[in-house]
$ cat model23.cif   # mmCIF, C-alpha atoms
data_query
#
loop_
_atom_site.group_PDB
_atom_site.id
_atom_site.type_symbol
_atom_site.label_atom_id
_atom_site.label_comp_id
_atom_site.auth_asym_id
_atom_site.auth_seq_id
_atom_site.Cartn_x
_atom_site.Cartn_y
_atom_site.Cartn_z
ATOM 1 C CA VAL A 1 -9.471 5.491 -0.845
ATOM 2 C CA ALA A 2 -9.629 5.672 2.909
ATOM 3 C CA GLU A 3 -8.133 7.743 5.692
ATOM 4 C CA PHE A 4 -8.111 7.023 9.393
ATOM 5 C CA TYR A 5 -6.530 9.422 11.841
ATOM 6 C CA SER A 6 -6.492 8.941 15.584
ATOM 7 C CA ASN A 7 -3.990 9.009 18.411
ATOM 8 C CA THR A 8 -6.338 7.406 20.903
ATOM 9 C CA VAL A 9 -7.525 4.172 19.261
ATOM 10 C CA SER A 10 -6.082 0.954 20.651
ATOM 11 C CA LEU A 11 -3.922 -1.245 18.446
ATOM 12 C CA PRO A 12 -6.444 -4.150 18.428
ATOM 13 C CA ASP A 13 -9.231 -1.737 17.420
ATOM 14 C CA PHE A 14 -7.027 -0.202 14.730
ATOM 15 C CA ALA A 15 -6.370 -3.681 13.321
ATOM 16 C CA LYS A 16 -10.119 -4.367 13.379
ATOM 17 C CA TYR A 17 -10.851 -1.138 11.449
ATOM 18 C CA ILE A 18 -8.188 -1.919 8.862
ATOM 19 C CA ALA A 19 -9.490 -5.463 8.358
ATOM 20 C CA GLN A 20 -13.100 -4.221 8.061
ATOM 21 C CA GLU A 21 -12.207 -1.528 5.527
ATOM 22 C CA GLY A 22 -9.998 -3.948 3.604
ATOM 23 C CA MET A 23 -12.949 -6.338 3.309
ATOM 24 C CA ASN A 24 -15.210 -3.456 2.241
ATOM 25 C CA TYR A 25 -12.802 -2.895 -0.639
ATOM 26 C CA ASN A 26 -12.707 -6.498 -1.869
ATOM 27 C CA MET A 27 -9.904 -7.671 0.434
ATOM 28 C CA ALA A 28 -7.751 -4.694 -0.504
ATOM 29 C CA ALA A 29 -4.012 -4.960 -0.096
ATOM 30 C CA VAL A 30 -2.803 -3.167 3.011
ATOM 31 C CA ALA A 31 0.767 -2.131 3.743
ATOM 32 C CA PRO A 32 1.290 -1.442 7.425
ATOM 33 C CA GLU A 33 4.603 -0.042 8.544
ATOM 34 C CA ARG A 34 6.712 -2.656 10.240
ATOM 35 C CA ASN A 35 8.263 -0.109 12.613
ATOM 36 C CA VAL A 36 7.787 -0.027 16.408
ATOM 37 C CA LEU A 37 4.103 -0.956 16.959
ATOM 38 C CA GLY A 38 3.685 -2.079 13.367
ATOM 39 C CA THR A 39 4.793 -5.630 14.055
ATOM 40 C CA GLU A 40 2.021 -6.019 16.630
ATOM 41 C CA LEU A 41 -0.480 -4.473 14.212
ATOM 42 C CA ILE A 42 0.588 -6.974 11.560
ATOM 43 C CA ARG A 43 0.227 -9.809 14.068
ATOM 44 C CA CYS A 44 -3.287 -8.622 15.013
ATOM 45 C CA LEU A 45 -4.317 -8.370 11.367
ATOM 46 C CA PHE A 46 -2.947 -11.782 10.459
ATOM 47 C CA GLU A 47 -3.759 -13.823 13.555
ATOM 48 C CA ASP A 48 -6.767 -12.119 15.158
ATOM 49 C CA HIS A 49 -8.581 -11.040 11.973
ATOM 50 C CA GLU A 50 -7.130 -13.591 9.531
ATOM 51 C CA TYR A 51 -6.357 -10.739 7.135
ATOM 52 C CA ASP A 52 -3.459 -11.868 5.004
ATOM 53 C CA ASN A 53 -3.610 -9.561 1.992
ATOM 54 C CA MET A 54 -0.722 -7.497 3.275
ATOM 55 C CA TRP A 55 2.138 -6.253 1.173
ATOM 56 C CA MET A 56 5.311 -8.315 1.578
ATOM 57 C CA ASP A 57 8.861 -7.199 1.002
ATOM 58 C CA GLU A 58 11.407 -9.087 -1.089
ATOM 59 C CA LYS A 59 12.238 -11.269 1.938
ATOM 60 C CA GLY A 60 8.585 -12.299 2.337
ATOM 61 C CA ASP A 61 7.984 -10.270 5.516
ATOM 62 C CA PHE A 62 4.612 -8.561 5.923
ATOM 63 C CA GLY A 63 4.596 -4.770 6.041
ATOM 64 C CA PHE A 64 7.025 -2.072 5.068
ATOM 65 C CA LEU A 65 10.039 -1.220 7.206
ATOM 66 C CA VAL A 66 10.437 2.559 6.865
ATOM 67 C CA ASN A 67 13.894 3.899 7.594
ATOM 68 C CA ALA A 68 15.921 7.019 6.821
ATOM 69 C CA LYS A 69 17.342 5.373 3.708
ATOM 70 C CA ASN A 70 14.036 4.468 2.015
ATOM 71 C CA LYS A 71 11.972 7.391 3.372
ATOM 72 C CA GLU A 72 13.419 9.655 0.686
ATOM 73 C CA THR A 73 12.565 7.075 -1.984
ATOM 74 C CA LEU A 74 8.972 6.896 -0.732
ATOM 75 C CA LEU A 75 8.676 10.678 -0.790
ATOM 76 C CA THR A 76 10.119 10.774 -4.317
ATOM 77 C CA TYR A 77 7.400 8.347 -5.454
ATOM 78 C CA LEU A 78 4.796 10.570 -3.829
ATOM 79 C CA GLN A 79 6.193 13.704 -5.454
ATOM 80 C CA ASP A 80 6.149 12.035 -8.875
ATOM 81 C CA ARG A 81 2.566 10.755 -8.476
ATOM 82 C CA LEU A 82 1.340 14.170 -7.343
ATOM 83 C CA ALA A 83 3.244 16.047 -10.065
ATOM 84 C CA ASN A 84 1.834 13.730 -12.750
ATOM 85 C CA SER A 85 -1.728 13.785 -11.356
ATOM 86 C CA LYS A 86 -1.694 10.048 -10.623
ATOM 87 C CA LEU A 87 -3.114 10.669 -7.152
ATOM 88 C CA LYS A 88 -6.150 12.704 -6.272
ATOM 89 C CA ILE A 89 -6.247 14.209 -2.798
ATOM 90 C CA ASN A 90 -9.806 14.367 -1.471
ATOM 91 C CA SER A 91 -8.897 14.869 2.169
ATOM 92 C CA LYS A 92 -8.515 18.354 3.607
ATOM 93 C CA ARG A 93 -6.404 16.945 6.438
ATOM 94 C CA THR A 94 -4.002 15.240 4.006
ATOM 95 C CA PHE A 95 -3.862 18.356 1.841
ATOM 96 C CA ASP A 96 -3.079 20.472 4.913
ATOM 97 C CA GLU A 97 -0.244 18.126 5.902
ATOM 98 C CA LEU A 98 1.165 18.240 2.371
ATOM 99 C CA SER A 99 1.030 22.042 2.531
ATOM 100 C CA THR A 100 3.185 22.108 5.672
ATOM 101 C CA PHE A 101 5.659 19.401 4.646
ATOM 102 C CA ILE A 102 9.052 21.031 4.085
ATOM 103 C CA ILE A 103 12.768 20.546 3.710
ATOM 104 C CA SER A 104 14.115 21.877 6.982
ATOM 105 C CA ASN A 105 17.255 24.005 7.338
ATOM 106 C CA SER A 106 19.138 20.809 8.171
ATOM 107 C CA GLY A 107 17.956 19.261 4.872
ATOM 108 C CA LYS A 108 15.519 16.865 6.526
ATOM 109 C CA LEU A 109 12.107 16.194 4.933
ATOM 110 C CA GLU A 110 9.533 16.775 7.658
ATOM 111 C CA ALA A 111 6.472 18.673 8.809
ATOM 112 C CA GLU A 112 6.883 22.299 9.817
ATOM 113 C CA LYS A 113 7.232 22.799 13.544
ATOM 114 C CA GLY A 114 3.813 22.390 15.185
ATOM 115 C CA HIS A 115 2.401 20.311 12.310
ATOM 116 C CA HIS A 116 2.190 16.586 11.538
ATOM 117 C CA ASP A 117 3.336 14.406 8.641
ATOM 118 C CA ASP A 118 1.690 11.042 9.388
ATOM 119 C CA LEU A 119 -0.724 11.302 6.470
ATOM 120 C CA VAL A 120 2.015 12.492 4.101
ATOM 121 C CA LEU A 121 4.163 9.484 4.939
ATOM 122 C CA SER A 122 1.264 7.033 4.723
ATOM 123 C CA LEU A 123 0.299 8.517 1.340
ATOM 124 C CA ALA A 124 3.932 8.181 0.183
ATOM 125 C CA LEU A 125 3.918 4.543 1.271
ATOM 126 C CA ALA A 126 0.619 3.982 -0.543
ATOM 127 C CA ALA A 127 2.044 5.552 -3.734
ATOM 128 C CA PHE A 128 5.056 3.245 -3.596
ATOM 129 C CA ILE A 129 3.027 0.122 -2.841
ATOM 130 C CA MET A 130 0.466 0.992 -5.518
ATOM 131 C CA GLU A 131 3.224 1.054 -8.127
ATOM 132 C CA ASP A 132 4.722 -2.183 -6.820
ATOM 133 C CA ILE A 133 1.368 -3.989 -6.903
ATOM 134 C CA GLN A 134 0.529 -2.677 -10.374
ATOM 135 C CA ASP A 135 3.896 -3.858 -11.688
ATOM 136 C CA SER A 136 3.242 -7.378 -10.377
ATOM 137 C CA ILE A 137 -0.188 -7.813 -12.005
ATOM 138 C CA PRO A 138 0.054 -9.743 -15.271
ATOM 139 C CA ASP A 139 -1.606 -8.392 -18.387
ATOM 140 C CA LEU A 140 -4.664 -10.460 -19.326
ATOM 141 C CA GLN A 141 -6.174 -10.557 -22.767
ATOM 142 C CA VAL A 142 -9.086 -12.440 -24.360
ATOM 143 C CA LEU A 143 -7.701 -14.224 -27.408
ATOM 144 C CA ASP A 144 -10.768 -15.514 -29.189
ATOM 145 C CA LYS A 145 -14.534 -15.850 -29.101
ATOM 146 C CA LYS A 146 -14.273 -18.886 -26.827
ATOM 147 C CA GLN A 147 -13.340 -16.421 -24.063
ATOM 148 C CA GLU A 148 -10.008 -18.110 -23.425
ATOM 149 C CA TRP A 149 -7.630 -16.049 -21.375
ATOM 150 C CA THR A 150 -3.895 -15.855 -21.715
ATOM 151 C CA ILE A 151 -1.174 -14.219 -19.685
ATOM 152 C CA MET A 152 0.881 -11.770 -21.677
ATOM 153 C CA GLY A 153 4.557 -11.157 -21.068
ATOM 154 C CA PRO A 154 7.657 -13.294 -20.663
ATOM 155 C CA THR A 155 7.873 -15.860 -17.902
ATOM 156 C CA ALA A 156 11.050 -14.342 -16.453
ATOM 157 C CA ALA A 157 9.253 -11.032 -15.858
ATOM 158 C CA ASN A 158 6.343 -12.782 -14.165
ATOM 159 C CA PRO A 159 7.461 -15.508 -11.754
ATOM 160 C CA GLN A 160 3.869 -16.209 -10.698
ATOM 161 C CA ARG A 161 2.745 -17.013 -14.236
ATOM 162 C CA ASP A 162 1.934 -20.680 -13.545
ATOM 163 C CA LEU A 163 0.033 -19.762 -10.391
ATOM 164 C CA MET A 164 -1.980 -17.210 -12.353
ATOM 165 C CA LYS A 165 -2.812 -19.834 -14.988
ATOM 166 C CA ASP A 166 -4.374 -21.948 -12.233
ATOM 167 C CA TYR A 167 -6.398 -18.964 -11.016
ATOM 168 C CA LEU A 168 -7.629 -18.221 -14.522
ATOM 169 C CA LYS A 169 -9.173 -21.679 -14.855
ATOM 170 C CA TRP A 170 -12.114 -20.643 -12.672
ATOM 171 C CA ILE A 171 -12.675 -17.236 -14.325
#
$ encode --input "model23.cif" --output "structure tokens"
Amino acid sequence: VAEFYSNTVSLPDFAKYIAQEGMNYNMAAVAPERNVLGTELIRCLFEDHEYDNMWMDEKGDFGFLVNAKNKETLLTYLQDRLANSKLKINSKRTFDELSTFIISNSGKLEAEKGHHDDLVLSLALAAFIMEDIQDSIPDLQVLDKKQEWTIMGPTAANPQRDLMKDYLKWI
């Protein structure tokens, strides 16, 4: 829903922009890369802006550590979402980057020489995280006219079932 592109903004300002936009979208989940400067960005978001709705990996670490091994997986998710019209590209800049994203002669997935792929990779990460978040949301259903809610699905598939029951008490 949002795109930010700059190579001049400071890391603290970038964290501020992310936190502000996240709050504008109802404390939206954010998934910063945990590479290089990403750990400092995560620290700024969490400590300076008290923004804790960040995606966590299976080890409980904030952010997504992108590496050569999972980059292809991320790009496969993106390809699938685009091919099945599950993502709508409204940004000319993102569309342009997608148009120049290639498999090089060496077999590497990358931007053509002289072009960038930052938005392609961030969109791929968003596609992956979107699927992960959607898979973790329990199905809710109103059972009767008393407006009582129940959580559908087996407990084993939803380890946060009891926590969700507590949340549903105030709905």
$ residues_around --input "model23.cif" --residues "region 16-26 of chain A" --least-positions-apart "6" --cutoff "12 Å" --atoms "all atoms listed in the file" --output "list of chain:residue names"
A:Val1, A:Ala2, A:Glu3, A:Phe4, A:Tyr5, A:Ser6, A:Val9, A:Ser10, A:Pro32, A:Leu41, A:Ile42, A:Arg43, A:Cys44, A:Leu45, A:Phe46, A:Glu47, A:Asp48, A:His49, A:Glu50, A:Tyr51, A:Asp52, A:Asn53, A:Met54
$ atom_distance --input "model23.cif" --atom1 "CA of Ser136 (chain A)" --atom2 "CA of Lys69 (chain A)"
23.7 Å
$ atom_distance --input "model23.cif" --atom1 "CA of Asp80 (chain A)" --atom2 "CA of Asp61 (chain A)"
26.6 Å
$ atom_distance --input "model23.cif" --atom1 "CA of Val30 (chain A)" --atom2 "CA of Leu82 (chain A)"
20.6 Å
$ resolve_selection --input "model23.cif" --expression "the PyMOL selection byres ((chain A and resi 103-109) around 10)" --output "list in words"
Ala68, Lys71, Glu72, Leu75, Thr100, Phe101, Ile102, Glu110, Ala111, Glu112, Lys113 and Asp117 of chain A
$ closest_residue --input "model23.cif" --among "A:Asn7, A:Trp55, A:Ile89, A:Leu125" --to "Ala28 (chain A)" --atoms "all atoms listed in the file"
A:Trp55
$ axis_aligned_box --input "model23.cif" --around "region 23-27 of chain A" --padding-each-side "6 Å" --output "lines of an AutoDock Vina configuration file"
center_x = -12.6
center_y = -5.3
center_z = 0.7
size_x = 17.3
size_y = 16.8
size_z = 17.2
$ closest_residue --input "model23.cif" --among "A:Thr39, A:Thr8, A:Asn84, A:Gln134" --to "Leu65 (chain A)" --atoms "only C-alpha atoms"
A:Thr39
$ closest_residue --input "model23.cif" --among "A:Arg34, A:Lys59, A:Arg81, A:Lys92" --to "Leu123 (chain A)" --atoms "all atoms listed in the file"
A:Arg81
$ closest_residue --input "model23.cif" --among "A:Glu33, A:Glu58, A:Asp96, A:Asp135" --to "Ser122 (chain A)" --atoms "all atoms listed in the file"
A:Glu33
$ residues_around --input "model23.cif" --residues "Phe128 (chain A)" --least-positions-apart "4" --cutoff "9 Å" --atoms "all atoms listed in the file" --output "PyMOL selection string"
chain A and resi 73-75+77-78+123-124+132-133
$ closest_residue --input "model23.cif" --among "A:Ala127, A:Val36, A:Val66, A:Met56" --to "Ser85 (chain A)" --atoms "all atoms listed in the file"
A:Ala127
$ build_atoms --input "model23.cif" --residues "region 74-88 of chain A" --atoms "N, CA, C and O atoms" --output "PDB file, in the frame of the given file"
ATOM      1  N   LEU A  74      10.430   6.842  -0.843  1.00  0.00           N
ATOM      2  CA  LEU A  74       8.972   6.896  -0.732  1.00  0.00           C
ATOM      3  C   LEU A  74       8.457   8.293  -1.082  1.00  0.00           C
ATOM      4  O   LEU A  74       7.482   8.437  -1.820  1.00  0.00           O
ATOM      5  N   LEU A  75       9.111   9.302  -0.543  1.00  0.00           N
ATOM      6  CA  LEU A  75       8.676  10.678  -0.790  1.00  0.00           C
ATOM      7  C   LEU A  75       8.888  11.085  -2.249  1.00  0.00           C
ATOM      8  O   LEU A  75       8.101  11.863  -2.798  1.00  0.00           O
ATOM      9  N   THR A  76       9.897  10.522  -2.891  1.00  0.00           N
ATOM     10  CA  THR A  76      10.119  10.774  -4.317  1.00  0.00           C
ATOM     11  C   THR A  76       8.986  10.171  -5.138  1.00  0.00           C
ATOM     12  O   THR A  76       8.489  10.795  -6.086  1.00  0.00           O
ATOM     13  N   TYR A  77       8.558   8.954  -4.785  1.00  0.00           N
ATOM     14  CA  TYR A  77       7.400   8.347  -5.454  1.00  0.00           C
ATOM     15  C   TYR A  77       6.170   9.227  -5.290  1.00  0.00           C
ATOM     16  O   TYR A  77       5.424   9.451  -6.240  1.00  0.00           O
ATOM     17  N   LEU A  78       5.958   9.713  -4.079  1.00  0.00           N
ATOM     18  CA  LEU A  78       4.796  10.570  -3.829  1.00  0.00           C
ATOM     19  C   LEU A  78       4.881  11.838  -4.673  1.00  0.00           C
ATOM     20  O   LEU A  78       3.895  12.229  -5.305  1.00  0.00           O
ATOM     21  N   GLN A  79       6.027  12.473  -4.681  1.00  0.00           N
ATOM     22  CA  GLN A  79       6.193  13.704  -5.454  1.00  0.00           C
ATOM     23  C   GLN A  79       5.886  13.457  -6.926  1.00  0.00           C
ATOM     24  O   GLN A  79       5.184  14.238  -7.565  1.00  0.00           O
ATOM     25  N   ASP A  80       6.389  12.362  -7.474  1.00  0.00           N
ATOM     26  CA  ASP A  80       6.149  12.035  -8.875  1.00  0.00           C
ATOM     27  C   ASP A  80       4.666  11.805  -9.140  1.00  0.00           C
ATOM     28  O   ASP A  80       4.124  12.308 -10.123  1.00  0.00           O
ATOM     29  N   ARG A  81       3.995  11.038  -8.271  1.00  0.00           N
ATOM     30  CA  ARG A  81       2.566  10.755  -8.476  1.00  0.00           C
ATOM     31  C   ARG A  81       1.726  12.029  -8.394  1.00  0.00           C
ATOM     32  O   ARG A  81       0.787  12.209  -9.146  1.00  0.00           O
ATOM     33  N   LEU A  82       2.082  12.908  -7.471  1.00  0.00           N
ATOM     34  CA  LEU A  82       1.340  14.170  -7.343  1.00  0.00           C
ATOM     35  C   LEU A  82       1.611  15.082  -8.539  1.00  0.00           C
ATOM     36  O   LEU A  82       0.687  15.684  -9.090  1.00  0.00           O
ATOM     37  N   ALA A  83       2.877  15.173  -8.942  1.00  0.00           N
ATOM     38  CA  ALA A  83       3.244  16.047 -10.065  1.00  0.00           C
ATOM     39  C   ALA A  83       2.605  15.595 -11.372  1.00  0.00           C
ATOM     40  O   ALA A  83       2.290  16.422 -12.231  1.00  0.00           O
ATOM     41  N   ASN A  84       2.404  14.276 -11.519  1.00  0.00           N
ATOM     42  CA  ASN A  84       1.834  13.730 -12.750  1.00  0.00           C
ATOM     43  C   ASN A  84       0.347  13.411 -12.622  1.00  0.00           C
ATOM     44  O   ASN A  84      -0.195  12.670 -13.433  1.00  0.00           O
ATOM     45  N   SER A  85      -0.281  13.943 -11.587  1.00  0.00           N
ATOM     46  CA  SER A  85      -1.728  13.785 -11.356  1.00  0.00           C
ATOM     47  C   SER A  85      -2.167  12.326 -11.323  1.00  0.00           C
ATOM     48  O   SER A  85      -3.244  11.981 -11.797  1.00  0.00           O
ATOM     49  N   LYS A  86      -1.328  11.455 -10.758  1.00  0.00           N
ATOM     50  CA  LYS A  86      -1.694  10.048 -10.623  1.00  0.00           C
ATOM     51  C   LYS A  86      -2.391   9.774  -9.300  1.00  0.00           C
ATOM     52  O   LYS A  86      -2.893   8.683  -9.083  1.00  0.00           O
ATOM     53  N   LEU A  87      -2.402  10.762  -8.427  1.00  0.00           N
ATOM     54  CA  LEU A  87      -3.114  10.669  -7.152  1.00  0.00           C
ATOM     55  C   LEU A  87      -4.034  11.862  -7.039  1.00  0.00           C
ATOM     56  O   LEU A  87      -3.669  12.973  -7.413  1.00  0.00           O
ATOM     57  N   LYS A  88      -5.201  11.624  -6.515  1.00  0.00           N
ATOM     58  CA  LYS A  88      -6.150  12.704  -6.272  1.00  0.00           C
ATOM     59  C   LYS A  88      -6.345  12.814  -4.766  1.00  0.00           C
ATOM     60  O   LYS A  88      -6.692  11.835  -4.112  1.00  0.00           O
TER      61      LYS A  88
END
